[in-house]
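Below you'll find the structure, written out as structure tokens, and then a few comments.
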Amino acid sequence: MERIKLAQAEKFHQYVVSLGRYALQQVDSVEAFGQVEKEDELEVRVGEYLDQSEIVYCCDGRPKDSQQIRIWLEERREQEYGYKVLAGLDLAKGQFAGIDLRYADLGNSRLAGANLRESVLVGTRCVRTELNEAD
């Protein structure tokens, strides 16, 4: 019976994570959220207190240098880029094949001509991202 409960708990946890992601998709356009005082970097996580959790929303208002981010991405480090906010950057013609960008935010970025072959893009936000001739 305990094994059945644990198996169902994992499914329920994944449901709650998906629900959190869905609920927070448009949070940036909610006026009340915009009025809340926040740090430059914010993560909303779903999980048990002091246990494993998963990021369902993040924003990062810190200034970023497109060239430095391009160099960092082209290093192709494992499990380094998921959930990152890479919005508003010029990453055109970057060689990013095989990197894991799951749930990253590439909104308003320029990735024209970029190589993203075999990259993990599950849940990646590409709102107003320029992807002309990206592969």
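Residue numbering restarts at 1 in every chain; chains get A, B, ... in the order shown in the structure tokens, and ligands count up from 1 in that same order.
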
Residues within 12 Å of Tyr15 (chain A), only C-alpha atoms, excluding chain neighbours under 6 positions, as a PyMOL selection string: chain A and resi 8-9+21-22+46-47+56

Those of chain A in DSSP strand (DSSP E or B), formatted as a ChimeraX atom specification: /A:41-47,53-60,85,90,95,100,105,110,115,120,125,130

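Among the candidates A:Gly123, A:Leu73, A:Val85, A:Leu116, the one nearest to Arg102 (chain A) when counting only C-alpha atoms is A:Gly123.
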
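Minimum distance to Arg70 (chain A) across A:Thr129, A:Gln95, A:Asn115, A:Ser109 (counting only C-alpha atoms) occurs at A:Gln95.
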